[in-house]
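J.: Next comes the structure file target.pdb, holding PDB, C-alpha atoms.
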ATOM      1  CA  MET A  15    -132.662  77.870 -60.221  1.00  0.00           C
ATOM      2  CA  ILE A  16    -132.245  76.223 -63.627  1.00  0.00           C
ATOM      3  CA  PRO A  17    -132.528  72.418 -64.043  1.00  0.00           C
ATOM      4  CA  VAL A  18    -128.775  71.863 -64.391  1.00  0.00           C
ATOM      5  CA  GLU A  19    -128.159  73.574 -61.049  1.00  0.00           C
ATOM      6  CA  ARG A  20    -130.873  71.487 -59.379  1.00  0.00           C
ATOM      7  CA  HIS A  21    -129.387  68.310 -60.850  1.00  0.00           C
ATOM      8  CA  GLN A  22    -125.961  69.208 -59.482  1.00  0.00           C
ATOM      9  CA  GLN A  23    -127.377  69.830 -56.013  1.00  0.00           C
ATOM     10  CA  ILE A  24    -129.364  66.590 -56.079  1.00  0.00           C
ATOM     11  CA  LEU A  25    -126.259  64.647 -57.069  1.00  0.00           C
ATOM     12  CA  ALA A  26    -124.201  66.355 -54.369  1.00  0.00           C
ATOM     13  CA  LEU A  27    -126.759  65.488 -51.669  1.00  0.00           C
ATOM     14  CA  VAL A  28    -127.128  61.905 -52.844  1.00  0.00           C
ATOM     15  CA  SER A  29    -123.350  61.495 -52.987  1.00  0.00           C
ATOM     16  CA  GLU A  30    -123.020  62.831 -49.446  1.00  0.00           C
ATOM     17  CA  ARG A  31    -125.956  61.007 -47.862  1.00  0.00           C
ATOM     18  CA  GLY A  32    -126.505  57.904 -49.999  1.00  0.00           C
ATOM     19  CA  VAL A  33    -130.306  58.243 -49.872  1.00  0.00           C
ATOM     20  CA  VAL A  34    -132.331  61.489 -49.840  1.00  0.00           C
ATOM     21  CA  SER A  35    -136.114  61.791 -49.604  1.00  0.00           C
ATOM     22  CA  ILE A  36    -138.190  63.593 -52.224  1.00  0.00           C
ATOM     23  CA  ALA A  37    -139.699  65.721 -49.436  1.00  0.00           C
ATOM     24  CA  GLU A  38    -136.270  66.962 -48.341  1.00  0.00           C
ATOM     25  CA  LEU A  39    -135.222  67.757 -51.906  1.00  0.00           C
ATOM     26  CA  THR A  40    -138.451  69.689 -52.433  1.00  0.00           C
ATOM     27  CA  GLU A  41    -137.819  71.762 -49.316  1.00  0.00           C
ATOM     28  CA  ARG A  42    -134.109  72.355 -49.915  1.00  0.00           C
ATOM     29  CA  LEU A  43    -134.460  73.337 -53.570  1.00  0.00           C
ATOM     30  CA  GLY A  44    -137.695  75.288 -53.185  1.00  0.00           C
ATOM     31  CA  VAL A  45    -139.552  73.630 -56.042  1.00  0.00           C
ATOM     32  CA  SER A  46    -142.620  71.440 -56.389  1.00  0.00           C
ATOM     33  CA  HIS A  47    -142.832  67.734 -55.777  1.00  0.00           C
ATOM     34  CA  MET A  48    -143.461  67.144 -59.505  1.00  0.00           C
ATOM     35  CA  THR A  49    -140.387  69.185 -60.483  1.00  0.00           C
ATOM     36  CA  ILE A  50    -138.182  67.045 -58.253  1.00  0.00           C
ATOM     37  CA  ARG A  51    -139.754  63.896 -59.686  1.00  0.00           C
ATOM     38  CA  ARG A  52    -138.920  65.089 -63.200  1.00  0.00           C
ATOM     39  CA  ASP A  53    -135.365  65.946 -62.146  1.00  0.00           C
ATOM     40  CA  VAL A  54    -134.900  62.518 -60.581  1.00  0.00           C
ATOM     41  CA  GLN A  55    -136.322  60.821 -63.677  1.00  0.00           C
ATOM     42  CA  LYS A  56    -133.862  62.709 -65.878  1.00  0.00           C
ATOM     43  CA  LEU A  57    -130.912  61.772 -63.656  1.00  0.00           C
ATOM     44  CA  GLU A  58    -132.084  58.161 -63.548  1.00  0.00           C
ATOM     45  CA  GLU A  59    -132.212  58.060 -67.360  1.00  0.00           C
ATOM     46  CA  GLN A  60    -128.578  59.208 -67.324  1.00  0.00           C
ATOM     47  CA  GLY A  61    -127.659  56.386 -64.945  1.00  0.00           C
ATOM     48  CA  ALA A  62    -126.628  58.824 -62.200  1.00  0.00           C
ATOM     49  CA  VAL A  63    -129.206  57.903 -59.529  1.00  0.00           C
ATOM     50  CA  LEU A  64    -131.855  55.303 -58.723  1.00  0.00           C
ATOM     51  CA  SER A  65    -135.404  55.946 -57.533  1.00  0.00           C
ATOM     52  CA  VAL A  66    -136.481  54.275 -54.307  1.00  0.00           C
ATOM     53  CA  SER A  67    -139.764  54.470 -52.431  1.00  0.00           C
ATOM     54  CA  GLY A  68    -140.159  58.110 -51.367  1.00  0.00           C
ATOM     55  CA  GLY A  69    -136.677  59.159 -52.402  1.00  0.00           C
ATOM     56  CA  VAL A  70    -133.570  58.705 -54.480  1.00  0.00           C
ATOM     57  CA  ARG A  71    -130.230  56.983 -53.955  1.00  0.00           C
ATOM     58  CA  SER A  72    -126.871  56.885 -55.689  1.00  0.00           C
ATOM     59  CA  ALA A  73    -126.481  54.446 -58.557  1.00  0.00           C
ATOM     60  CA  ASP A  74    -124.409  51.322 -58.038  1.00  0.00           C
ATOM     61  CA  ARG A  75    -121.030  51.798 -59.734  1.00  0.00           C
ATOM     62  CA  LEU A  76    -118.970  48.887 -61.024  1.00  0.00           C
ATOM     63  CA  ALA A  77    -115.295  49.589 -60.357  1.00  0.00           C
ATOM     64  CA  ALA A  78    -113.865  46.514 -62.113  1.00  0.00           C
ATOM     65  CA  GLU A  79    -115.108  43.676 -64.299  1.00  0.00           C
ATOM     66  CA  PRO A  80    -115.852  40.517 -62.283  1.00  0.00           C
ATOM     67  CA  SER A  81    -113.733  37.523 -63.304  1.00  0.00           C
ATOM     68  CA  HIS A  82    -115.163  34.717 -65.428  1.00  0.00           C
ATOM     69  CA  GLN A  83    -114.944  32.398 -62.416  1.00  0.00           C
ATOM     70  CA  THR A  84    -116.963  34.806 -60.265  1.00  0.00           C
ATOM     71  CA  LYS A  85    -119.651  35.267 -62.909  1.00  0.00           C
ATOM     72  CA  THR A  86    -120.118  31.534 -63.503  1.00  0.00           C
ATOM     73  CA  ALA A  87    -121.483  31.190 -59.967  1.00  0.00           C
ATOM     74  CA  LEU A  88    -124.135  33.897 -60.335  1.00  0.00           C
ATOM     75  CA  PHE A  89    -127.705  33.884 -61.741  1.00  0.00           C
ATOM     76  CA  ASN A  90    -127.290  30.694 -63.756  1.00  0.00           C
ATOM     77  CA  GLU A  91    -131.027  29.973 -64.073  1.00  0.00           C
ATOM     78  CA  GLU A  92    -131.640  33.458 -65.447  1.00  0.00           C
ATOM     79  CA  LYS A  93    -128.747  33.209 -67.896  1.00  0.00           C
ATOM     80  CA  ASN A  94    -129.918  29.808 -69.108  1.00  0.00           C
ATOM     81  CA  ALA A  95    -133.428  31.149 -69.703  1.00  0.00           C
ATOM     82  CA  ILE A  96    -132.014  34.075 -71.681  1.00  0.00           C
ATOM     83  CA  GLY A  97    -129.819  31.730 -73.713  1.00  0.00           C
ATOM     84  CA  ARG A  98    -132.705  29.377 -74.506  1.00  0.00           C
ATOM     85  CA  TYR A  99    -134.933  32.190 -75.721  1.00  0.00           C
ATOM     86  CA  ALA A 100    -132.219  33.778 -77.848  1.00  0.00           C
ATOM     87  CA  ALA A 101    -131.287  30.460 -79.485  1.00  0.00           C
ATOM     88  CA  GLN A 102    -134.868  29.858 -80.595  1.00  0.00           C
ATOM     89  CA  HIS A 103    -134.834  33.052 -82.651  1.00  0.00           C
ATOM     90  CA  ILE A 104    -131.671  32.594 -84.713  1.00  0.00           C
ATOM     91  CA  PRO A 105    -132.534  31.895 -88.378  1.00  0.00           C
ATOM     92  CA  ARG A 106    -130.748  29.107 -90.206  1.00  0.00           C
ATOM     93  CA  ASN A 107    -127.470  29.863 -91.960  1.00  0.00           C
ATOM     94  CA  SER A 108    -126.892  33.013 -89.924  1.00  0.00           C
ATOM     95  CA  CYS A 109    -123.575  34.638 -89.128  1.00  0.00           C
ATOM     96  CA  ILE A 110    -123.784  35.616 -85.469  1.00  0.00           C
ATOM     97  CA  TYR A 111    -121.489  37.291 -82.958  1.00  0.00           C
ATOM     98  CA  LEU A 112    -121.289  36.097 -79.354  1.00  0.00           C
ATOM     99  CA  ASP A 113    -119.743  38.696 -77.090  1.00  0.00           C
ATOM    100  CA  ALA A 114    -117.586  37.709 -74.132  1.00  0.00           C
ATOM    101  CA  GLY A 115    -119.553  36.674 -71.078  1.00  0.00           C
ATOM    102  CA  THR A 116    -121.295  33.907 -69.201  1.00  0.00           C
ATOM    103  CA  THR A 117    -124.727  34.770 -70.604  1.00  0.00           C
ATOM    104  CA  THR A 118    -123.468  34.401 -74.168  1.00  0.00           C
ATOM    105  CA  LEU A 119    -121.793  31.167 -73.064  1.00  0.00           C
ATOM    106  CA  ALA A 120    -125.245  29.976 -71.950  1.00  0.00           C
ATOM    107  CA  LEU A 121    -126.486  30.827 -75.448  1.00  0.00           C
ATOM    108  CA  ALA A 122    -123.581  28.924 -77.008  1.00  0.00           C
ATOM    109  CA  ARG A 123    -124.616  25.788 -75.077  1.00  0.00           C
ATOM    110  CA  GLU A 124    -127.998  25.994 -76.814  1.00  0.00           C
ATOM    111  CA  LEU A 125    -126.335  25.938 -80.254  1.00  0.00           C
ATOM    112  CA  LEU A 126    -124.458  22.649 -80.027  1.00  0.00           C
ATOM    113  CA  ASN A 127    -126.881  20.916 -82.403  1.00  0.00           C
ATOM    114  CA  ARG A 128    -126.742  23.724 -84.984  1.00  0.00           C
ATOM    115  CA  GLU A 129    -124.510  22.862 -87.929  1.00  0.00           C
ATOM    116  CA  ASP A 130    -125.654  25.801 -90.054  1.00  0.00           C
ATOM    117  CA  LEU A 131    -124.169  28.732 -88.135  1.00  0.00           C
ATOM    118  CA  LEU A 132    -121.019  30.775 -88.485  1.00  0.00           C
ATOM    119  CA  VAL A 133    -120.172  32.055 -85.005  1.00  0.00           C
ATOM    120  CA  VAL A 134    -117.788  34.960 -84.447  1.00  0.00           C
ATOM    121  CA  THR A 135    -116.619  35.536 -80.874  1.00  0.00           C
ATOM    122  CA  ASN A 136    -113.941  37.203 -78.784  1.00  0.00           C
ATOM    123  CA  ASP A 137    -114.536  34.744 -75.915  1.00  0.00           C
ATOM    124  CA  PHE A 138    -112.192  31.774 -75.486  1.00  0.00           C
ATOM    125  CA  MET A 139    -114.720  29.745 -73.480  1.00  0.00           C
ATOM    126  CA  VAL A 140    -117.367  30.154 -76.187  1.00  0.00           C
ATOM    127  CA  ALA A 141    -114.884  29.284 -78.948  1.00  0.00           C
ATOM    128  CA  ASN A 142    -113.596  26.196 -77.111  1.00  0.00           C
ATOM    129  CA  LEU A 143    -117.103  24.909 -76.404  1.00  0.00           C
ATOM    130  CA  LEU A 144    -118.214  25.275 -80.015  1.00  0.00           C
ATOM    131  CA  MET A 145    -114.983  23.785 -81.382  1.00  0.00           C
ATOM    132  CA  GLU A 146    -115.210  20.718 -79.163  1.00  0.00           C
ATOM    133  CA  ALA A 147    -118.937  20.015 -79.083  1.00  0.00           C
ATOM    134  CA  SER A 148    -120.595  21.488 -82.183  1.00  0.00           C
ATOM    135  CA  ASP A 149    -120.401  21.542 -85.964  1.00  0.00           C
ATOM    136  CA  CYS A 150    -120.650  25.333 -86.146  1.00  0.00           C
ATOM    137  CA  ARG A 151    -117.970  27.185 -88.039  1.00  0.00           C
ATOM    138  CA  VAL A 152    -116.095  29.427 -85.601  1.00  0.00           C
ATOM    139  CA  ILE A 153    -114.058  32.616 -85.997  1.00  0.00           C
ATOM    140  CA  HIS A 154    -112.195  34.002 -82.999  1.00  0.00           C
ATOM    141  CA  THR A 155    -111.318  37.690 -83.193  1.00  0.00           C
ATOM    142  CA  GLY A 156    -107.923  37.425 -81.540  1.00  0.00           C
ATOM    143  CA  GLY A 157    -106.584  40.559 -79.888  1.00  0.00           C
ATOM    144  CA  THR A 158    -105.214  41.568 -76.525  1.00  0.00           C
ATOM    145  CA  VAL A 159    -105.924  38.795 -74.019  1.00  0.00           C
ATOM    146  CA  CYS A 160    -107.983  39.661 -70.943  1.00  0.00           C
ATOM    147  CA  ARG A 161    -107.105  36.792 -68.619  1.00  0.00           C
ATOM    148  CA  GLU A 162    -109.764  37.497 -65.993  1.00  0.00           C
ATOM    149  CA  ASN A 163    -112.581  37.333 -68.521  1.00  0.00           C
ATOM    150  CA  ARG A 164    -111.068  34.700 -70.847  1.00  0.00           C
ATOM    151  CA  SER A 165    -111.532  36.957 -73.855  1.00  0.00           C
ATOM    152  CA  CYS A 166    -109.828  39.351 -76.277  1.00  0.00           C
ATOM    153  CA  VAL A 167    -110.272  43.117 -76.256  1.00  0.00           C
ATOM    154  CA  GLY A 168    -108.794  46.278 -77.709  1.00  0.00           C
ATOM    155  CA  GLU A 169    -108.184  47.701 -81.163  1.00  0.00           C
ATOM    156  CA  SER A 170    -106.691  44.504 -82.612  1.00  0.00           C
ATOM    157  CA  ALA A 171    -109.865  42.567 -81.738  1.00  0.00           C
ATOM    158  CA  ALA A 172    -112.015  45.338 -83.199  1.00  0.00           C
ATOM    159  CA  ARG A 173    -109.932  45.438 -86.380  1.00  0.00           C
ATOM    160  CA  SER A 174    -110.687  41.788 -87.138  1.00  0.00           C
ATOM    161  CA  LEU A 175    -114.423  42.538 -87.008  1.00  0.00           C
ATOM    162  CA  ARG A 176    -114.429  45.421 -89.472  1.00  0.00           C
ATOM    163  CA  HIS A 177    -114.298  43.249 -92.603  1.00  0.00           C
ATOM    164  CA  LEU A 178    -117.262  41.086 -91.524  1.00  0.00           C
ATOM    165  CA  ALA A 179    -120.991  41.366 -92.187  1.00  0.00           C
ATOM    166  CA  ILE A 180    -122.767  39.912 -89.148  1.00  0.00           C
ATOM    167  CA  ASP A 181    -126.480  39.102 -89.150  1.00  0.00           C
ATOM    168  CA  ILE A 182    -127.087  39.191 -85.384  1.00  0.00           C
ATOM    169  CA  ALA A 183    -124.743  40.425 -82.659  1.00  0.00           C
ATOM    170  CA  PHE A 184    -125.495  39.160 -79.159  1.00  0.00           C
ATOM    171  CA  ILE A 185    -123.814  41.732 -76.941  1.00  0.00           C
ATOM    172  CA  SER A 186    -123.238  41.268 -73.224  1.00  0.00           C
ATOM    173  CA  ALA A 187    -123.063  43.849 -70.448  1.00  0.00           C
ATOM    174  CA  SER A 188    -121.636  44.012 -66.936  1.00  0.00           C
ATOM    175  CA  CYS A 189    -123.911  46.942 -66.193  1.00  0.00           C
ATOM    176  CA  TRP A 190    -126.647  48.699 -68.116  1.00  0.00           C
ATOM    177  CA  GLY A 191    -129.652  50.942 -67.788  1.00  0.00           C
ATOM    178  CA  PRO A 192    -131.896  53.311 -69.745  1.00  0.00           C
ATOM    179  CA  ARG A 193    -128.888  55.292 -70.920  1.00  0.00           C
ATOM    180  CA  GLY A 194    -127.015  52.263 -72.302  1.00  0.00           C
ATOM    181  CA  LEU A 195    -124.233  49.760 -71.655  1.00  0.00           C
ATOM    182  CA  PHE A 196    -121.348  50.708 -69.384  1.00  0.00           C
ATOM    183  CA  THR A 197    -118.014  49.073 -68.675  1.00  0.00           C
ATOM    184  CA  PRO A 198    -115.101  49.837 -66.346  1.00  0.00           C
ATOM    185  CA  ASP A 199    -112.711  48.498 -69.022  1.00  0.00           C
ATOM    186  CA  GLU A 200    -112.034  51.000 -71.806  1.00  0.00           C
ATOM    187  CA  ASP A 201    -110.540  48.287 -74.044  1.00  0.00           C
ATOM    188  CA  LYS A 202    -113.980  46.649 -74.311  1.00  0.00           C
ATOM    189  CA  VAL A 203    -115.619  49.778 -75.697  1.00  0.00           C
ATOM    190  CA  THR A 204    -114.085  49.671 -79.173  1.00  0.00           C
ATOM    191  CA  VAL A 205    -114.992  45.984 -79.618  1.00  0.00           C
ATOM    192  CA  LYS A 206    -118.652  46.524 -78.714  1.00  0.00           C
ATOM    193  CA  GLN A 207    -118.918  49.642 -80.859  1.00  0.00           C
ATOM    194  CA  THR A 208    -117.302  47.962 -83.855  1.00  0.00           C
ATOM    195  CA  VAL A 209    -119.491  44.861 -83.731  1.00  0.00           C
ATOM    196  CA  SER A 210    -122.530  47.113 -83.428  1.00  0.00           C
ATOM    197  CA  ASP A 211    -121.451  48.927 -86.592  1.00  0.00           C
ATOM    198  CA  VAL A 212    -120.989  45.755 -88.686  1.00  0.00           C
ATOM    199  CA  SER A 213    -124.160  43.933 -87.571  1.00  0.00           C
ATOM    200  CA  SER A 214    -127.615  44.030 -89.141  1.00  0.00           C
ATOM    201  CA  LYS A 215    -129.302  43.321 -85.807  1.00  0.00           C
ATOM    202  CA  ARG A 216    -128.084  43.970 -82.265  1.00  0.00           C
ATOM    203  CA  VAL A 217    -129.418  42.103 -79.226  1.00  0.00           C
ATOM    204  CA  LEU A 218    -128.516  42.883 -75.629  1.00  0.00           C
ATOM    205  CA  LEU A 219    -128.227  39.762 -73.453  1.00  0.00           C
ATOM    206  CA  SER A 220    -127.980  40.520 -69.751  1.00  0.00           C
ATOM    207  CA  ASP A 221    -129.608  39.339 -66.548  1.00  0.00           C
ATOM    208  CA  SER A 222    -131.584  41.854 -64.526  1.00  0.00           C
ATOM    209  CA  SER A 223    -129.094  41.980 -61.625  1.00  0.00           C
ATOM    210  CA  LYS A 224    -126.917  44.213 -63.819  1.00  0.00           C
ATOM    211  CA  TYR A 225    -129.712  46.680 -64.590  1.00  0.00           C
ATOM    212  CA  ASN A 226    -129.359  50.265 -63.318  1.00  0.00           C
ATOM    213  CA  LYS A 227    -125.677  49.904 -62.561  1.00  0.00           C
ATOM    214  CA  ILE A 228    -123.061  52.118 -64.151  1.00  0.00           C
ATOM    215  CA  ALA A 229    -119.317  52.165 -64.782  1.00  0.00           C
ATOM    216  CA  THR A 230    -116.881  54.729 -66.105  1.00  0.00           C
ATOM    217  CA  PHE A 231    -117.235  54.146 -69.858  1.00  0.00           C
ATOM    218  CA  LEU A 232    -120.431  54.231 -71.920  1.00  0.00           C
ATOM    219  CA  ALA A 233    -119.929  51.506 -74.534  1.00  0.00           C
ATOM    220  CA  LEU A 234    -123.224  51.754 -76.437  1.00  0.00           C
ATOM    221  CA  PRO A 235    -126.425  53.771 -76.015  1.00  0.00           C
ATOM    222  CA  LEU A 236    -129.499  51.609 -75.569  1.00  0.00           C
ATOM    223  CA  ARG A 237    -131.047  52.996 -78.762  1.00  0.00           C
ATOM    224  CA  CYS A 238    -128.493  50.938 -80.750  1.00  0.00           C
ATOM    225  CA  PHE A 239    -130.323  47.728 -79.874  1.00  0.00           C
ATOM    226  CA  ASP A 240    -133.158  46.055 -81.724  1.00  0.00           C
ATOM    227  CA  SER A 241    -133.922  43.722 -78.812  1.00  0.00           C
ATOM    228  CA  ILE A 242    -133.164  43.431 -75.102  1.00  0.00           C
ATOM    229  CA  ILE A 243    -133.398  39.943 -73.616  1.00  0.00           C
ATOM    230  CA  THR A 244    -133.234  39.870 -69.830  1.00  0.00           C
ATOM    231  CA  ASP A 245    -135.014  37.792 -67.179  1.00  0.00           C
ATOM    232  CA  SER A 246    -138.390  37.980 -65.494  1.00  0.00           C
ATOM    233  CA  GLN A 247    -136.906  39.360 -62.262  1.00  0.00           C
ATOM    234  CA  LEU A 248    -136.512  42.816 -63.840  1.00  0.00           C
ATOM    235  CA  SER A 249    -138.115  45.351 -61.489  1.00  0.00           C
ATOM    236  CA  ALA A 250    -141.423  47.038 -62.226  1.00  0.00           C
ATOM    237  CA  ALA A 251    -139.562  50.339 -62.538  1.00  0.00           C
ATOM    238  CA  GLY A 252    -137.194  48.744 -65.030  1.00  0.00           C
ATOM    239  CA  ARG A 253    -140.051  47.309 -67.065  1.00  0.00           C
ATOM    240  CA  SER A 254    -141.708  50.702 -67.163  1.00  0.00           C
ATOM    241  CA  ALA A 255    -138.521  52.561 -68.112  1.00  0.00           C
ATOM    242  CA  LEU A 256    -137.589  50.085 -70.852  1.00  0.00           C
ATOM    243  CA  GLY A 257    -141.075  49.365 -72.153  1.00  0.00           C
ATOM    244  CA  GLU A 258    -141.322  52.616 -74.080  1.00  0.00           C
ATOM    245  CA  GLY A 259    -138.149  52.275 -76.153  1.00  0.00           C
ATOM    246  CA  SER A 260    -137.817  51.457 -79.854  1.00  0.00           C
ATOM    247  CA  TRP A 261    -136.416  48.016 -78.992  1.00  0.00           C
ATOM    248  CA  GLU A 262    -138.254  44.792 -78.256  1.00  0.00           C
ATOM    249  CA  LEU A 263    -138.086  43.955 -74.533  1.00  0.00           C
ATOM    250  CA  VAL A 264    -138.143  40.238 -73.693  1.00  0.00           C
ATOM    251  CA  LEU A 265    -138.338  38.828 -70.163  1.00  0.00           C
ATOM    252  CA  ALA A 266    -137.156  35.230 -70.518  1.00  0.00           C
ATOM    253  CA  GLU A 267    -138.418  32.566 -68.118  1.00  0.00           C
TER     254      GLU A 267
END
As structure tokens, please, write out the structure in this file.
T.:
Amino acid sequence: MIPVERHQQILALVSERGVVSIAELTERLGVSHMTIRRDVQKLEEQGAVLSVSGGVRSADRLAAEPSHQTKTALFNEEKNAIGRYAAQHIPRNSCIYLDAGTTTLALARELLNREDLLVVTNDFMVANLLMEASDCRVIHTGGTVCRENRSCVGESAARSLRHLAIDIAFISASCWGPRGLFTPDEDKVTVKQTVSDVSSKRVLLSDSSKYNKIATFLALPLRCFDSIITDSQLSAAGRSALGEGSWELVLAE
């Protein structure tokens, strides 16, 4: 049996049962324990499954983007730690992009005393905060309004980014893993891809609760990023999987 066939059978079993032991997969597929471990590792890198002690389970799938109101109540200490760390590493007179999200909003709160920055964003909450409480120059992308997330998405938002040269893009994620950033909202993909293209440096900002979750659309592969800033609650497996990439991995506290 070739690897692709084994992968299909593993996925079918995991989909049917939720969790399957390594021992059962070894017996059913007639291969060694190490072969199954390699198969599971490959599927985990693709975001299709998650390893658990002695077995494998289906990956958590995000069906819809949580609303801004829902996200503001979750993991605030972790988001604040991420925002503080990121703010400390923004050079003076930079042009930065703050993606839509509550983690980038936490970063924006750390920039209220910065008068030297030009901030580009598609997030209304970020733009309003900086307009009212900072001396930063602010550009909002405009675009199709996403009411639930208080932001703009789609081709019109992406179009406004194409004529810019951004020093650092701080990009958010509702779910991510070794394969990259995923989103259930296709209109967000073109914005993230465009800002990645026009930025000299790309930084992923996301708390660890979103790690190893997937959604329908792959927005950006992880190799696009120069840095990943998450929190210290990232699992040991996550630290191991991400520690070997070309990016800098930061666990903010």
J.: Measuring atom to atom with all atoms listed in the file, identify which of A:Ser222, A:Ala266, A:Val33, A:Glu59 is nearest to Ala250 (chain A).
T.: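 Selected residue with least distance to Ala250 (chain A): A:Ser222.
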J.: What does the distance from CA of Leu248 (chain A) to CA of Leu143 (chain A) come to in Å, to one decimal?
T.: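 Interatomic distance here is 29.2 Å.
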J.: Can you give me, as a VMD selection string, the residues this file yields under the PyMOL selection byres ((chain A and resi 125-138) around 9)?
T.: chain A and resid 101 105 to 115 119 121 to 124 139 to 144 147 to 157 163 to 167 171 175 180 205
J.: Would you translate the PyMOL selection byres ((chain A and resi 168) around 10) into the concrete set of residues it matches in this file, as a list of chain:residue names?
T.: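 This file, filtered by the PyMOL selection byres ((chain A and resi 168) around 10), leaves A:Gly156, A:Gly157, A:Thr158, A:Val159, A:Cys160, A:Cys166, A:Val167, A:Glu169, A:Ser170, A:Ala171, A:Ala172, A:Arg173, A:Asp199, A:Glu200, A:Asp201, A:Lys202, A:Val203, A:Thr204, A:Val205, A:Lys206.
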J.: Residues as selected, C-alpha atoms, written as a short mmCIF file (atom, residue, chain, number, x, y, z; two decimals), keeping the file's coordinate frame, can you do that?
T.:
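Here's the written file selection-v8.cif:
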data_model
loop_
_atom_site.label_atom_id
_atom_site.label_comp_id
_atom_site.auth_asym_id
_atom_site.auth_seq_id
_atom_site.Cartn_x
_atom_site.Cartn_y
_atom_site.Cartn_z
CA GLY A 156 -107.92 37.42 -81.54
CA GLY A 157 -106.58 40.56 -79.89
CA THR A 158 -105.21 41.57 -76.53
CA VAL A 159 -105.92 38.80 -74.02
CA CYS A 160 -107.98 39.66 -70.94
CA CYS A 166 -109.83 39.35 -76.28
CA VAL A 167 -110.27 43.12 -76.26
CA GLU A 169 -108.18 47.70 -81.16
CA SER A 170 -106.69 44.50 -82.61
CA ALA A 171 -109.86 42.57 -81.74
CA ALA A 172 -112.02 45.34 -83.20
CA ARG A 173 -109.93 45.44 -86.38
CA ASP A 199 -112.71 48.50 -69.02
CA GLU A 200 -112.03 51.00 -71.81
CA ASP A 201 -110.54 48.29 -74.04
CA LYS A 202 -113.98 46.65 -74.31
CA VAL A 203 -115.62 49.78 -75.70
CA THR A 204 -114.08 49.67 -79.17
CA VAL A 205 -114.99 45.98 -79.62
CA LYS A 206 -118.65 46.52 -78.71
#
J.: Within 8 Å of (-125.7, 47.5, -67.5), in the coordinates the file gives, what residues turn up when you count only C-alpha atoms, written out as number ranges by chain?
T.: A: 187-191, 194-197, 220, 224-228
J.: Would you list the contacts of region 36-40 of chain A as a PDB file with C-alpha atoms, in the coordinates of the input, taking every protein, DNA or RNA residue within 8 Å and counting only C-alpha atoms, but skipping same-chain residues closer than 5 positions in sequence?
T.:
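Dumped to result30.pdb:
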ATOM      1  CA  ILE A  24    -129.364  66.590 -56.079  1.00  0.00           C
ATOM      2  CA  VAL A  45    -139.552  73.630 -56.042  1.00  0.00           C
ATOM      3  CA  SER A  46    -142.620  71.440 -56.389  1.00  0.00           C
ATOM      4  CA  HIS A  47    -142.832  67.734 -55.777  1.00  0.00           C
ATOM      5  CA  ILE A  50    -138.182  67.045 -58.253  1.00  0.00           C
ATOM      6  CA  ARG A  51    -139.754  63.896 -59.686  1.00  0.00           C
ATOM      7  CA  GLY A  68    -140.159  58.110 -51.367  1.00  0.00           C
ATOM      8  CA  GLY A  69    -136.677  59.159 -52.402  1.00  0.00           C
ATOM      9  CA  VAL A  70    -133.570  58.705 -54.480  1.00  0.00           C
TER      10      VAL A  70
END
J.: Once the PyMOL selection byres ((chain A and resi 65) around 10) has been applied to the shown file, what residues remain in the selection, as a list of chain:residue names?
T.: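 Listing what the PyMOL selection byres ((chain A and resi 65) around 10) selects in the shown file: A:Val33, A:Val34, A:Ser35, A:Ile36, A:Arg51, A:Val54, A:Gln55, A:Leu57, A:Glu58, A:Val63, A:Leu64, A:Val66, A:Ser67, A:Gly68, A:Gly69, A:Val70, A:Arg71, A:Ser72, A:Ala73, A:Ala251.
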J.: How many Å lie between CA of Thr230 (chain A) and CA of Ser81 (chain A), rounded to one decimal?
T.: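 Separation of CA of Thr230 (chain A) and CA of Ser81 (chain A): 17.7 Å.
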J.: Using only C-alpha atoms for the distances, tell me which of A:Asp53, A:Glu262, A:Glu92, A:Asp181 is nearest to Thr244 (chain A).
T.: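 Under the stated criterion, the closest residue is A:Glu92.
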J.: Provide the CA of Thr84 (chain A) to CA of Ser29 (chain A) distance in Å, to one decimal place.
T.: 28.4 Å
J.: Point out the residue among A:Met145, A:Val209, A:Ala87, A:Leu43 with the least atom-to-atom distance to Ser174 (chain A), counting only C-alpha atoms.
T.: A:Val209
J.: Taking only C-alpha atoms into account, name the residue in A:Arg237, A:Arg20, A:Arg42, A:Lys93 that is nearest to Val217 (chain A).
T.: A:Arg237
J.: Considering only C-alpha atoms, state which residue in the set A:Pro235, A:Leu219, A:Arg31, A:Ile104 is at the smallest distance from Val264 (chain A).
T.: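 Between A:Pro235, A:Leu219, A:Arg31, A:Ile104, the residue approaching Val264 (chain A) most closely is A:Leu219.
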J.: Using all atoms listed in the file for the distances, tell me which of A:Ala95, A:Leu25, A:Leu88, A:Ala62 is nearest to Glu267 (chain A).
T.: A:Ala95
J.: Would you pick out the contacts of Ser213 (chain A) at 7 Å or less, using all atoms listed in the file, so that residues sharing its chain but fewer than 2 positions from it are not included, and give the list as a list in words?
T.: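 Selected residues are Ala179, Ile180, Asp181, Ile182, Ala183, Val209, Ser210, Asp211, Lys215 and Arg216 of chain A.
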J.: Given 8 Å of margin on each side, can you work out the centre and size in Å (one decimal) of an axis-aligned box holding every listed atom of region 18-24 of chain A, as lines of an AutoDock Vina configuration file?
T.:
center_x = -128.4
center_y = 70.1
center_z = -60.2
size_x = 20.9
size_y = 23.0
size_z = 24.4
